[in-house]
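Asker: Next comes run-v2.cif, mmCIF, C-alpha atoms:
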data_protein
#
loop_
_atom_site.label_atom_id
_atom_site.label_comp_id
_atom_site.auth_asym_id
_atom_site.auth_seq_id
_atom_site.Cartn_x
_atom_site.Cartn_y
_atom_site.Cartn_z
CA MET G 1 11.40 34.26 23.62
CA TYR G 2 7.81 33.09 24.10
CA GLU G 3 6.36 34.52 20.89
CA SER G 4 3.85 32.31 19.14
CA ASN G 5 5.10 30.65 15.97
CA PRO G 6 2.33 29.88 13.44
CA VAL G 7 4.30 27.00 11.91
CA HIS G 8 4.78 25.39 15.30
CA GLU G 9 1.11 25.77 16.09
CA ASP G 10 0.23 24.15 12.76
CA ILE G 11 2.51 21.21 13.66
CA ARG G 12 0.81 20.85 17.05
CA GLN G 13 -2.66 20.86 15.58
CA ALA G 14 -1.75 18.42 12.81
CA MET G 15 -0.14 15.98 15.25
CA ARG G 16 -3.11 16.21 17.64
CA ALA G 17 -5.46 15.37 14.78
CA LEU G 18 -3.32 12.42 13.74
CA CYS G 19 -2.90 11.10 17.29
CA ALA G 20 -6.64 11.41 17.97
CA ARG G 21 -7.07 8.48 15.59
CA PHE G 22 -5.13 6.32 18.07
CA PRO G 23 -6.79 6.59 21.50
CA ASP G 24 -5.60 5.17 24.80
CA ASP G 25 -7.28 1.82 24.14
CA TYR G 26 -5.15 1.37 21.02
CA TRP G 27 -1.95 1.88 23.02
CA ALA G 28 -3.15 -0.29 25.90
CA GLU G 29 -3.78 -3.10 23.42
CA ARG G 30 -0.34 -2.74 21.81
CA ASP G 31 1.22 -2.74 25.28
CA GLU G 32 -0.72 -5.80 26.37
CA ARG G 33 0.12 -7.74 23.22
CA HIS G 34 3.74 -6.52 23.04
CA GLU G 35 2.91 -5.54 19.48
CA PHE G 36 4.52 -2.83 17.35
CA PRO G 37 2.04 -0.04 16.44
CA HIS G 38 2.17 -0.61 12.69
CA GLU G 39 -0.94 1.46 11.93
CA PHE G 40 0.38 4.43 13.88
CA PHE G 41 3.81 4.17 12.25
CA SER G 42 2.22 4.11 8.80
CA ALA G 43 0.07 7.14 9.62
CA VAL G 44 3.12 9.11 10.76
CA ALA G 45 4.98 8.15 7.58
CA GLU G 46 2.01 9.01 5.36
CA GLY G 47 1.70 12.35 7.13
CA GLY G 48 5.26 13.22 6.16
CA TRP G 49 6.62 13.35 9.70
CA LEU G 50 9.39 10.79 9.31
CA GLY G 51 12.60 12.36 8.09
CA LEU G 52 11.52 15.64 9.66
CA THR G 53 15.10 16.76 10.41
CA ILE G 54 16.68 15.24 7.28
CA PRO G 55 17.66 17.91 4.70
CA GLU G 56 15.30 18.44 1.80
CA GLU G 57 17.97 17.37 -0.72
CA TYR G 58 17.60 13.83 0.65
CA GLY G 59 13.81 13.96 0.66
CA GLY G 60 13.36 15.06 4.27
CA GLY G 61 11.55 17.94 5.91
CA GLY G 62 14.63 20.07 6.56
CA LEU G 63 13.34 21.19 9.95
CA GLY G 64 15.09 21.43 13.32
CA VAL G 65 15.15 20.10 16.83
CA THR G 66 12.35 22.40 17.95
CA GLU G 67 9.94 20.91 15.42
CA ALA G 68 11.00 17.33 16.20
CA ALA G 69 10.47 18.02 19.89
CA ILE G 70 6.98 19.41 19.28
CA VAL G 71 6.01 16.28 17.34
CA GLU G 72 7.24 13.88 20.03
CA ARG G 73 5.63 15.89 22.82
CA GLU G 74 2.26 15.78 21.10
CA ILE G 75 2.59 12.04 20.54
CA ALA G 76 3.36 11.39 24.21
CA ALA G 77 0.69 13.82 25.42
CA SER G 78 -1.97 12.05 23.35
CA GLY G 79 -1.66 9.03 25.62
CA ALA G 80 0.73 7.15 23.33
CA GLY G 81 3.55 7.75 25.80
CA MET G 82 6.97 6.32 25.08
CA GLY G 83 5.45 3.47 23.10
CA GLY G 84 4.34 5.96 20.47
CA CYS G 85 7.46 8.11 20.62
CA SER G 86 9.89 5.20 20.45
CA ALA G 87 8.10 3.71 17.45
CA VAL G 88 8.93 6.76 15.33
CA HIS G 89 11.76 8.51 17.20
CA ILE G 90 14.61 7.30 15.00
CA GLY G 91 12.76 8.28 11.84
CA ILE G 92 11.92 11.73 13.19
CA PHE G 93 15.21 12.37 14.93
CA GLY G 94 17.79 9.61 14.85
CA PHE G 95 20.12 10.10 11.94
CA GLU G 96 22.24 12.92 13.38
CA PRO G 97 25.48 10.86 13.39
CA ILE G 98 25.07 10.19 9.67
CA LEU G 99 23.95 13.74 8.90
CA GLN G 100 26.91 15.26 10.72
CA HIS G 101 29.65 12.71 10.04
CA GLY G 102 28.53 10.32 7.31
CA SER G 103 29.97 10.32 3.81
CA GLU G 104 27.96 11.73 0.94
CA ASP G 105 27.71 8.20 -0.45
CA LEU G 106 26.23 6.91 2.82
CA LYS G 107 23.73 9.76 2.96
CA ARG G 108 22.54 9.26 -0.61
CA ARG G 109 22.22 5.50 -0.21
CA PHE G 110 20.11 5.56 2.92
CA LEU G 111 18.56 8.92 3.87
CA PRO G 112 16.02 9.07 1.01
CA ARG G 113 14.49 5.83 2.35
CA VAL G 114 13.70 7.33 5.76
CA PRO G 115 10.68 9.60 5.07
CA GLY G 116 8.59 6.78 3.61
CA GLY G 117 9.24 4.53 6.59
CA ASP G 118 11.09 2.01 4.46
CA LEU G 119 14.33 2.00 6.50
CA GLN G 120 14.17 0.62 10.05
CA ILE G 121 17.27 1.00 12.21
CA SER G 122 18.53 0.56 15.77
CA PHE G 123 21.23 2.16 17.91
CA ALA G 124 23.64 -0.52 19.12
CA VAL G 125 25.86 1.19 21.69
CA THR G 126 25.12 -0.09 25.21
CA GLU G 127 26.81 -3.27 26.47
CA PRO G 128 26.00 -5.46 29.49
CA ASP G 129 29.46 -5.04 31.04
CA ALA G 130 29.93 -1.35 30.22
CA GLY G 131 26.61 0.43 30.82
CA THR G 132 27.09 4.19 30.90
CA ASP G 133 30.87 3.79 30.64
CA THR G 134 30.85 3.71 26.86
CA THR G 135 34.64 3.67 26.58
CA ALA G 136 34.70 0.30 28.39
CA LEU G 137 32.78 -1.54 25.68
CA SER G 138 34.33 -4.76 24.41
CA THR G 139 32.66 -5.30 21.02
CA PHE G 140 35.60 -5.34 18.60
CA ALA G 141 35.89 -4.72 14.87
CA ARG G 142 38.85 -6.47 13.23
CA LYS G 143 40.10 -5.10 9.89
CA VAL G 144 39.64 -7.54 7.01
CA GLU G 145 39.81 -7.17 3.25
CA GLY G 146 37.21 -4.65 2.11
CA GLY G 147 35.83 -3.93 5.54
CA TRP G 148 35.57 -5.08 9.12
CA SER G 149 34.62 -8.20 11.04
CA VAL G 150 32.69 -7.35 14.21
CA SER G 151 32.10 -9.57 17.23
CA GLY G 152 30.64 -8.77 20.63
CA LYS G 153 27.39 -8.22 22.50
CA LYS G 154 24.96 -5.36 23.02
CA VAL G 155 22.02 -4.86 25.35
CA TRP G 156 18.86 -2.72 25.52
CA ILE G 157 18.81 -2.33 21.76
CA SER G 158 15.40 -1.02 20.70
CA ASN G 159 13.66 -2.09 17.50
CA ALA G 160 16.26 -4.73 16.66
CA GLN G 161 13.52 -7.26 15.81
CA ARG G 162 12.51 -5.08 12.85
CA ALA G 163 15.76 -3.28 12.01
CA GLU G 164 17.54 -3.62 8.69
CA ARG G 165 20.53 -1.54 9.83
CA MET G 166 22.07 -0.39 13.11
CA LEU G 167 24.39 2.40 14.16
CA LEU G 168 26.94 0.15 15.82
CA LEU G 169 29.75 1.38 18.07
CA ALA G 170 32.75 -0.92 18.38
CA ARG G 171 36.42 -0.78 19.28
CA THR G 172 38.82 -0.83 16.36
CA THR G 173 41.91 -0.30 18.54
CA PRO G 174 42.37 -1.98 21.94
CA LYS G 175 41.83 0.45 24.79
CA ASP G 176 45.31 -0.19 26.21
CA ASP G 177 46.85 0.94 22.92
CA CYS G 178 45.04 4.30 22.90
CA ALA G 179 46.39 7.59 24.24
CA LYS G 180 42.91 8.49 25.49
CA LYS G 181 40.20 6.05 26.50
CA THR G 182 37.80 7.76 24.10
CA ASP G 183 40.11 6.97 21.16
CA GLY G 184 39.94 3.79 19.12
CA LEU G 185 36.15 3.60 18.80
CA THR G 186 34.39 3.52 15.43
CA VAL G 187 30.76 3.82 14.35
CA PHE G 188 29.42 1.56 11.62
CA PHE G 189 26.07 1.69 9.83
CA ALA G 190 26.00 -2.07 9.94
CA PRO G 191 23.56 -4.55 8.39
CA VAL G 192 21.48 -6.54 10.86
CA ASP G 193 22.50 -9.89 9.39
CA ARG G 194 20.52 -12.48 11.33
CA GLU G 195 22.93 -15.22 10.27
CA ARG G 196 25.63 -13.38 12.24
CA ILE G 197 23.52 -11.74 14.95
CA THR G 198 21.38 -13.52 17.52
CA ILE G 199 18.61 -11.22 18.79
CA ARG G 200 16.98 -12.03 22.10
CA ALA G 201 14.04 -9.96 23.38
CA ILE G 202 14.17 -8.64 26.96
CA PRO G 203 10.90 -8.96 28.94
CA LYS G 204 10.38 -5.60 30.57
CA MET G 205 8.19 -3.41 32.76
CA GLY G 206 6.79 -1.04 30.14
CA ARG G 207 7.05 0.46 26.67
CA ASN G 208 6.12 -2.98 25.44
CA SER G 209 4.98 -1.91 21.98
CA VAL G 210 8.63 -1.44 20.99
CA ASP G 211 11.02 -4.34 21.53
CA SER G 212 14.23 -4.13 23.59
CA ASN G 213 16.89 -6.74 22.97
CA GLU G 214 20.20 -8.38 23.65
CA LEU G 215 22.40 -8.80 20.57
CA PHE G 216 25.11 -11.45 20.21
CA ILE G 217 27.32 -10.59 17.22
CA ASP G 218 29.61 -13.20 15.67
CA GLU G 219 31.98 -12.13 12.86
CA LEU G 220 29.57 -9.67 11.26
CA PHE G 221 31.05 -8.22 8.07
CA VAL G 222 30.67 -4.46 7.56
CA PRO G 223 32.15 -2.95 4.37
CA ASP G 224 34.47 0.05 4.54
CA GLU G 225 31.90 2.30 2.88
CA ASP G 226 29.54 1.80 5.84
CA VAL G 227 31.90 3.40 8.37
CA VAL G 228 30.36 6.60 9.79
CA GLY G 229 32.98 9.34 10.17
CA GLU G 230 36.63 8.56 10.77
CA VAL G 231 37.93 5.23 11.99
CA GLY G 232 38.93 5.59 15.64
CA GLN G 233 36.84 8.73 16.15
CA GLY G 234 33.54 7.03 16.91
CA PHE G 235 33.14 8.55 20.34
CA ARG G 236 32.96 11.98 18.71
CA VAL G 237 30.47 10.65 16.16
CA ILE G 238 28.19 9.09 18.76
CA LEU G 239 28.09 12.38 20.67
CA ALA G 240 26.60 14.09 17.61
CA GLY G 241 23.21 15.37 18.57
CA LEU G 242 23.49 14.25 22.20
CA ASN G 243 22.17 17.52 23.64
CA ALA G 244 19.46 17.62 20.99
CA GLU G 245 18.43 14.07 21.86
CA ARG G 246 18.02 15.03 25.52
CA VAL G 247 15.86 17.98 24.54
CA VAL G 248 13.63 15.84 22.32
CA ALA G 249 13.37 13.16 25.01
CA ALA G 250 12.56 15.79 27.63
CA ASN G 251 9.60 16.93 25.53
CA ALA G 252 8.31 13.36 25.45
CA MET G 253 8.65 13.22 29.23
CA LEU G 254 6.55 16.36 29.60
CA GLY G 255 4.01 14.90 27.20
CA ILE G 256 3.53 11.85 29.42
CA GLY G 257 3.12 14.15 32.42
CA GLU G 258 0.52 16.23 30.60
CA ALA G 259 -1.46 13.12 29.63
CA ALA G 260 -1.36 11.84 33.21
CA LEU G 261 -2.34 15.20 34.70
CA ARG G 262 -5.24 15.50 32.26
CA ARG G 263 -6.64 12.14 33.33
CA GLY G 264 -5.97 12.75 37.02
CA THR G 265 -7.70 16.13 36.95
CA GLN G 266 -10.73 14.81 35.10
CA TYR G 267 -11.10 11.90 37.51
CA ALA G 268 -10.86 14.32 40.44
CA LYS G 269 -13.79 16.25 38.97
CA ASP G 270 -15.91 13.21 38.12
CA ARG G 271 -15.38 10.92 41.11
CA ILE G 272 -17.95 11.59 43.85
CA VAL G 273 -17.19 10.40 47.39
CA PHE G 274 -19.04 11.54 50.54
CA GLY G 275 -21.34 13.56 48.32
CA ARG G 276 -18.76 15.72 46.60
CA PRO G 277 -16.01 15.46 43.93
CA ILE G 278 -12.72 14.25 45.37
CA GLY G 279 -10.96 17.19 43.66
CA GLN G 280 -12.65 19.43 46.23
CA ASN G 281 -10.37 17.92 48.88
CA GLN G 282 -7.16 19.88 49.24
CA GLY G 283 -5.21 16.70 49.94
CA LEU G 284 -5.71 15.73 46.30
CA ALA G 285 -6.18 19.16 44.73
CA PHE G 286 -2.84 20.37 46.04
CA GLN G 287 -1.02 17.33 44.61
CA LEU G 288 -2.49 18.01 41.17
CA ALA G 289 -1.67 21.72 41.43
CA GLU G 290 1.92 20.98 42.43
CA ALA G 291 2.30 18.56 39.52
CA LYS G 292 1.07 21.28 37.16
CA ILE G 293 3.57 23.80 38.55
CA LYS G 294 6.44 21.33 38.15
CA LEU G 295 5.49 20.65 34.53
CA GLU G 296 5.35 24.37 33.74
CA ALA G 297 8.67 25.08 35.48
CA ALA G 298 10.38 22.22 33.65
CA ASP G 299 8.93 23.46 30.37
CA ALA G 300 10.44 26.91 30.90
CA VAL G 301 13.94 25.45 31.27
CA LEU G 302 13.29 23.13 28.34
CA GLN G 303 12.33 26.00 26.03
CA LYS G 304 15.65 27.70 26.74
CA ALA G 305 17.60 24.49 26.10
CA THR G 306 15.72 23.87 22.84
CA TRP G 307 16.43 27.40 21.63
CA LEU G 308 20.15 27.01 22.39
CA VAL G 309 20.33 23.68 20.56
CA ASP G 310 18.64 25.02 17.44
CA HIS G 311 20.92 28.08 17.43
CA GLN G 312 24.07 25.94 17.79
CA GLN G 313 24.94 27.53 21.12
CA PRO G 314 26.77 25.74 23.97
CA CYS G 315 24.03 24.01 25.93
CA GLY G 316 25.38 20.94 27.72
CA ALA G 317 24.27 22.24 31.10
CA GLU G 318 20.86 23.42 29.90
CA ALA G 319 20.10 20.16 28.05
CA ASN G 320 20.94 18.20 31.19
CA TYR G 321 18.87 20.53 33.40
CA ALA G 322 15.92 20.04 31.05
CA LYS G 323 16.25 16.27 30.98
CA TRP G 324 16.42 16.02 34.79
CA LEU G 325 13.55 18.42 35.44
CA CYS G 326 11.24 17.01 32.76
CA ALA G 327 11.82 13.41 33.85
CA ASP G 328 11.10 14.40 37.45
CA ALA G 329 8.03 16.47 36.56
CA GLY G 330 6.62 13.83 34.21
CA PHE G 331 7.01 11.08 36.77
CA THR G 332 5.52 13.25 39.54
CA ALA G 333 2.43 13.90 37.41
CA ALA G 334 2.03 10.21 36.59
CA ASP G 335 2.45 9.24 40.24
CA VAL G 336 -0.11 11.85 41.38
CA ALA G 337 -2.58 10.76 38.69
CA LEU G 338 -2.32 7.17 39.88
CA GLN G 339 -2.77 8.26 43.50
CA VAL G 340 -5.84 10.36 42.67
CA HIS G 341 -7.45 7.33 41.02
CA GLY G 342 -6.91 5.32 44.19
CA GLY G 343 -7.37 1.60 43.68
CA MET G 344 -8.58 2.15 40.12
CA GLY G 345 -5.24 3.75 39.32
CA TYR G 346 -3.65 0.37 39.85
CA SER G 347 -5.99 -1.20 37.34
CA LYS G 348 -5.47 -0.95 33.59
CA GLU G 349 -8.92 0.46 32.91
CA PHE G 350 -7.97 4.12 33.35
CA HIS G 351 -4.54 3.91 31.65
CA VAL G 352 -2.63 5.84 34.31
CA GLU G 353 -0.73 2.71 35.38
CA ARG G 354 0.72 2.58 31.86
CA TYR G 355 1.69 6.24 32.04
CA PHE G 356 3.33 5.54 35.41
CA ARG G 357 5.39 2.66 34.02
CA GLU G 358 6.54 4.64 31.02
CA ALA G 359 7.27 7.79 33.02
CA ARG G 360 9.45 5.77 35.37
CA LEU G 361 11.62 4.71 32.44
CA MET G 362 12.52 8.31 31.70
CA ARG G 363 14.34 8.71 35.00
CA ILE G 364 16.76 6.09 33.65
CA ALA G 365 16.93 6.84 29.93
CA PRO G 366 18.37 8.26 27.74
CA ILE G 367 20.65 9.12 30.66
CA SER G 368 19.99 8.51 34.33
CA GLN G 369 19.13 11.28 36.75
CA GLU G 370 22.30 10.43 38.71
CA MET G 371 24.54 10.87 35.65
CA VAL G 372 22.94 14.25 35.00
CA LEU G 373 23.83 15.28 38.54
CA ASN G 374 27.38 14.00 37.99
CA TYR G 375 27.62 16.22 34.91
CA VAL G 376 26.34 19.30 36.71
CA ALA G 377 28.56 18.70 39.74
CA GLU G 378 31.69 18.38 37.60
CA HIS G 379 31.13 20.63 34.59
CA VAL G 380 28.97 23.36 36.08
CA LEU G 381 30.02 23.52 39.72
CA GLY G 382 33.64 22.50 39.14
CA LEU G 383 33.62 19.73 41.74
CA PRO G 384 36.04 16.79 41.46
CA ARG G 385 34.96 14.01 39.10
CA SER G 386 33.24 11.28 41.09
CA TYR G 387 33.70 8.34 38.74
#
Can you present the structure in this file as structure tokens?

Answerer:
Amino acid sequence: MYESNPVHEDIRQAMRALCARFPDDYWAERDERHEFPHEFFSAVAEGGWLGLTIPEEYGGGGLGVTEAAIVEREIAASGAGMGGCSAVHIGIFGFEPILQHGSEDLKRRFLPRVPGGDLQISFAVTEPDAGTDTTALSTFARKVEGGWSVSGKKVWISNAQRAERMLLLARTTPKDDCAKKTDGLTVFFAPVDRERITIRAIPKMGRNSVDSNELFIDELFVPDEDVVGEVGQGFRVILAGLNAERVVAANAMLGIGEAALRRGTQYAKDRIVFGRPIGQNQGLAFQLAEAKIKLEAADAVLQKATWLVDHQQPCGAEANYAKWLCADAGFTAADVALQVHGGMGYSKEFHVERYFREARLMRIAPISQEMVLNYVAEHVLGLPRSY
């Protein structure tokens, strides 16, 4: 299971070389300015990494979840954190709903534009009054001649300031008229028409190089040919690649932890207090050692989950285990690195405060730690549903 794969090692080395061109100061500046990392995005596109999981017939790399996860982990571990990963995540691994459920026409119209970085999209699922309860969303698509008229609101929509299209989930049948609450939802690959959509940026704690937004949608027209999958079966469509997404995100979480631990360890070696390096003190050394152990343990579970995903095996439990453990381990490493730096950890000079802010996000997204525990309690342990 742990055999070395030459292709994977080549991917790691290539991504490390690319990311080395964008040091911590680059990401600190993007974060400070709330500025998209255009140069990094272009370098990733020019390197052929966008469209990594899109089939070769559409101009993509034809690779799997394992390779996408390696790329995102190396990006995060370079010091780019979630700012770097989020800037390219959709291009590397974000078109699963279309790949698995989209029409051939939809695929041929849009997928060839992904590898070159020409097509910018967003996921528009979450709503302010629904949150994790996706079936409670209120955005509604009304059937009109030749398509659908969509109205509603979305929140925490990344990259909407730049997006040309969005994977939009809306109700096409009122919830009360559905046999199951998961029925009556439809996914659209909708145009981001700024005459029909008001986009309002959300000021936030971290990951400031990629925008997060509220969307207010007023009678947006989406043609029939831009429906993804079957009308009324959108919940099934939006679940496409869910376990894979958690595996890819978990790798990014570990990458942040690795970057933080690297800086924390180096500072513990270099910082001299009372005539000796602070890393000689067990109070700090043990914290760094424990963070390392947690990262390695989380990685072991993650490798199993990644293997199961790529081999199309049932892996809901394993993907959730990996997400929970990697988010916890990544945040622990970032917290320890900040603590080891003492007062300087709270400054921006040594970058660990940025790692800390971005690592904290991953205990909330793409699914909260509490919802992972709900899943395990119900689906693994067989306990009564709590919500």

Asker: Between CA of Ile367 in chain G and CA of Pro115 in chain G, what is the spacing in Å?

Answerer: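 Result for CA of Pro115 in chain G versus CA of Ile367 in chain G: 27.5 Å, one decimal.
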
Asker: Determine the residue set returned by the PyMOL selection byres ((chain G and resi 43) around 12) for the present structure, and present it as number ranges by chain.

Answerer: G: 14-15, 17-22, 37-42, 44-50, 84, 87-88, 115-117

Asker: Taking the file as I've supplied it (selection: the PyMOL selection byres ((chain G and resi 265) around 9)), which residues are included? Please answer as a list in words.

Answerer: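 That expression, the PyMOL selection byres ((chain G and resi 265) around 9), corresponds here to Ala260, Leu261, Arg262, Arg263, Gly264, Gln266, Tyr267, Ala268, Lys269, Asp270, Gly279, Ala285, Leu288, Ala337 and Val340 of chain G.
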
Asker: Atoms to include: C-alpha atoms. Write the selected residues as a CSV table (one decimal), in the coordinates of the input.

Answerer:
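Written output follows (selection_27.csv):
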chain,number,residue,atom,x,y,z
G,260,ALA,CA,-1.4,11.8,33.2
G,261,LEU,CA,-2.3,15.2,34.7
G,262,ARG,CA,-5.2,15.5,32.3
G,263,ARG,CA,-6.6,12.1,33.3
G,264,GLY,CA,-6.0,12.8,37.0
G,266,GLN,CA,-10.7,14.8,35.1
G,267,TYR,CA,-11.1,11.9,37.5
G,268,ALA,CA,-10.9,14.3,40.4
G,269,LYS,CA,-13.8,16.2,39.0
G,270,ASP,CA,-15.9,13.2,38.1
G,279,GLY,CA,-11.0,17.2,43.7
G,285,ALA,CA,-6.2,19.2,44.7
G,288,LEU,CA,-2.5,18.0,41.2
G,337,ALA,CA,-2.6,10.8,38.7
G,340,VAL,CA,-5.8,10.4,42.7

Asker: Which one of G:Lys180, G:Arg357, G:Arg171, G:Arg271 sits closest to Lys143 in chain G if you count only C-alpha atoms?

Answerer: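 Nearest to Lys143 in chain G: G:Arg171.
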
Asker: Could you jot down the CA of Thr198 in chain G to CA of Gly147 in chain G separation for me, Å, one decimal place?

Answerer: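 Separation between CA of Thr198 in chain G and CA of Gly147 in chain G: 21.1 Å.
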
Asker: Take CA of His101 in chain G and CA of Glu72 in chain G and report the distance between them in Å, one decimal.

Answerer: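 For CA of His101 in chain G relative to CA of Glu72 in chain G, the distance reads 24.6 Å.
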
Asker: Taking the file as shown, find all residues satisfying the PyMOL selection byres ((chain G and resi 120-129) around 7) and write them as a JSON list (two decimals) with C-alpha atoms, keeping the file's coordinate frame.

Answerer:
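Full text of result.json as output:
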[["chain", "number", "residue", "atom", "x", "y", "z"],
["G", 118, "ASP", "CA", 11.09, 2.01, 4.46],
["G", 119, "LEU", "CA", 14.33, 2.00, 6.50],
["G", 130, "ALA", "CA", 29.93, -1.35, 30.22],
["G", 131, "GLY", "CA", 26.61, 0.43, 30.82],
["G", 137, "LEU", "CA", 32.78, -1.54, 25.68],
["G", 153, "LYS", "CA", 27.39, -8.22, 22.50],
["G", 154, "LYS", "CA", 24.96, -5.36, 23.02],
["G", 155, "VAL", "CA", 22.02, -4.86, 25.35],
["G", 156, "TRP", "CA", 18.86, -2.72, 25.52],
["G", 157, "ILE", "CA", 18.81, -2.33, 21.76],
["G", 158, "SER", "CA", 15.40, -1.02, 20.70],
["G", 159, "ASN", "CA", 13.66, -2.09, 17.50],
["G", 160, "ALA", "CA", 16.26, -4.73, 16.66],
["G", 162, "ARG", "CA", 12.51, -5.08, 12.85],
["G", 163, "ALA", "CA", 15.76, -3.28, 12.01],
["G", 164, "GLU", "CA", 17.54, -3.62, 8.69],
["G", 165, "ARG", "CA", 20.53, -1.54, 9.83],
["G", 166, "MET", "CA", 22.07, -0.39, 13.11],
["G", 167, "LEU", "CA", 24.39, 2.40, 14.16],
["G", 168, "LEU", "CA", 26.94, 0.15, 15.82],
["G", 169, "LEU", "CA", 29.75, 1.38, 18.07]]

Asker: Would you list the contacts of range 368-378 of chain G as an mmCIF file with C-alpha atoms, in the frame of the given file, taking every protein, DNA or RNA residue within 10 Å and counting all atoms listed in the file, but skipping same-chain residues closer than 3 positions in sequence?

Answerer:
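Output below, filename selection-v2.cif:
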data_model
loop_
_atom_site.group_PDB
_atom_site.id
_atom_site.type_symbol
_atom_site.label_atom_id
_atom_site.label_comp_id
_atom_site.auth_asym_id
_atom_site.auth_seq_id
_atom_site.Cartn_x
_atom_site.Cartn_y
_atom_site.Cartn_z
ATOM 1 C CA THR G 132 27.090 4.190 30.900
ATOM 2 C CA GLY G 316 25.380 20.940 27.720
ATOM 3 C CA ALA G 317 24.270 22.240 31.100
ATOM 4 C CA GLU G 318 20.860 23.420 29.900
ATOM 5 C CA ALA G 319 20.100 20.160 28.050
ATOM 6 C CA ASN G 320 20.940 18.200 31.190
ATOM 7 C CA TYR G 321 18.870 20.530 33.400
ATOM 8 C CA ALA G 322 15.920 20.040 31.050
ATOM 9 C CA LYS G 323 16.250 16.270 30.980
ATOM 10 C CA TRP G 324 16.420 16.020 34.790
ATOM 11 C CA LEU G 325 13.550 18.420 35.440
ATOM 12 C CA ALA G 327 11.820 13.410 33.850
ATOM 13 C CA ASP G 328 11.100 14.400 37.450
ATOM 14 C CA LEU G 361 11.620 4.710 32.440
ATOM 15 C CA MET G 362 12.520 8.310 31.700
ATOM 16 C CA ARG G 363 14.340 8.710 35.000
ATOM 17 C CA ILE G 364 16.760 6.090 33.650
ATOM 18 C CA ALA G 365 16.930 6.840 29.930
ATOM 19 C CA LEU G 381 30.020 23.520 39.720
ATOM 20 C CA GLY G 382 33.640 22.500 39.140
ATOM 21 C CA LEU G 383 33.620 19.730 41.740
ATOM 22 C CA PRO G 384 36.040 16.790 41.460
ATOM 23 C CA ARG G 385 34.960 14.010 39.100
ATOM 24 C CA SER G 386 33.240 11.280 41.090
ATOM 25 C CA TYR G 387 33.700 8.340 38.740
#

Asker: Once 8 Å is added on each side, what centre and edge lengths in Å to one decimal does the axis-aligned box around all listed atoms of range 200-213 of chain G have, as lines of an AutoDock Vina configuration file?

Answerer:
center_x = 11.0
center_y = -5.8
center_z = 26.9
size_x = 28.0
size_y = 28.5
size_z = 27.8

Asker: Out of G:Asp31, G:Glu214, G:Glu67, G:Asp177, which residue has the shortest atom-to-atom distance to Ile54 in chain G when counting all atoms listed in the file?

Answerer: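 Distance minimum relative to Ile54 in chain G lands on G:Glu67.
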
Asker: My list of candidates is G:Leu308, G:Ala240, G:Val150, G:Ala300. Which is closest to Arg196 in chain G when distances are computed with all atoms listed in the file?

Answerer: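 Once distances to Arg196 in chain G are computed over all atoms listed in the file, the minimum belongs to G:Val150.
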
Asker: Extract, using only C-alpha atoms, all DNA, RNA and protein residues at most 10 Å from Leu52 in chain G, discarding same-chain residues fewer than 4 positions from it, and format them as a PyMOL selection string.

Answerer: chain G and resi 48+56+59-65+67-68+71+91-93+114-115

Asker: Nearest residue to Gly257 in chain G out of G:Leu111, G:Leu302, G:Cys315, G:Ala76, using only C-alpha atoms?

Answerer: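 When distances to Gly257 in chain G are compared using only C-alpha atoms, the smallest one comes from G:Ala76.
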
Asker: Using only C-alpha atoms for the distances, tell me which of G:Val210, G:Ala329, G:Leu220, G:Ala170 is nearest to Ala298 in chain G.

Answerer: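 Under the stated criterion, the closest residue is G:Ala329.
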
Asker: Nearest to Ala190 in chain G among G:Val228, G:Ile217, G:Ile70, G:Val222, with distances taken over only C-alpha atoms: which residue is it?

Answerer: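 Once distances to Ala190 in chain G are computed over only C-alpha atoms, the minimum belongs to G:Val222.
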
Asker: Residues near Glu245 in chain G, anyone? I mean within 9 Å using all atoms listed in the file, not counting same-chain ones fewer than 3 positions away, as a PDB file with C-alpha atoms, in the coordinates of the input.

Answerer:
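Written output follows (selection21.pdb):
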ATOM      1  CA  VAL G  65      15.150  20.100  16.830  1.00  0.00           C
ATOM      2  CA  PHE G  93      15.210  12.370  14.930  1.00  0.00           C
ATOM      3  CA  GLY G  94      17.790   9.610  14.850  1.00  0.00           C
ATOM      4  CA  GLY G 241      23.210  15.370  18.570  1.00  0.00           C
ATOM      5  CA  LEU G 242      23.490  14.250  22.200  1.00  0.00           C
ATOM      6  CA  VAL G 248      13.630  15.840  22.320  1.00  0.00           C
ATOM      7  CA  ALA G 249      13.370  13.160  25.010  1.00  0.00           C
ATOM      8  CA  ALA G 250      12.560  15.790  27.630  1.00  0.00           C
ATOM      9  CA  ALA G 319      20.100  20.160  28.050  1.00  0.00           C
ATOM     10  CA  PRO G 366      18.370   8.260  27.740  1.00  0.00           C
TER      11      PRO G 366
END

Asker: Taking (26.3, 12.3, 12.0) in the file's coordinates, which residues come within 12 Å, counting all atoms listed in the file, written as a ChimeraX atom specification?

Answerer: /G:54,93-104,106-107,111,167,187-189,227-230,233-242
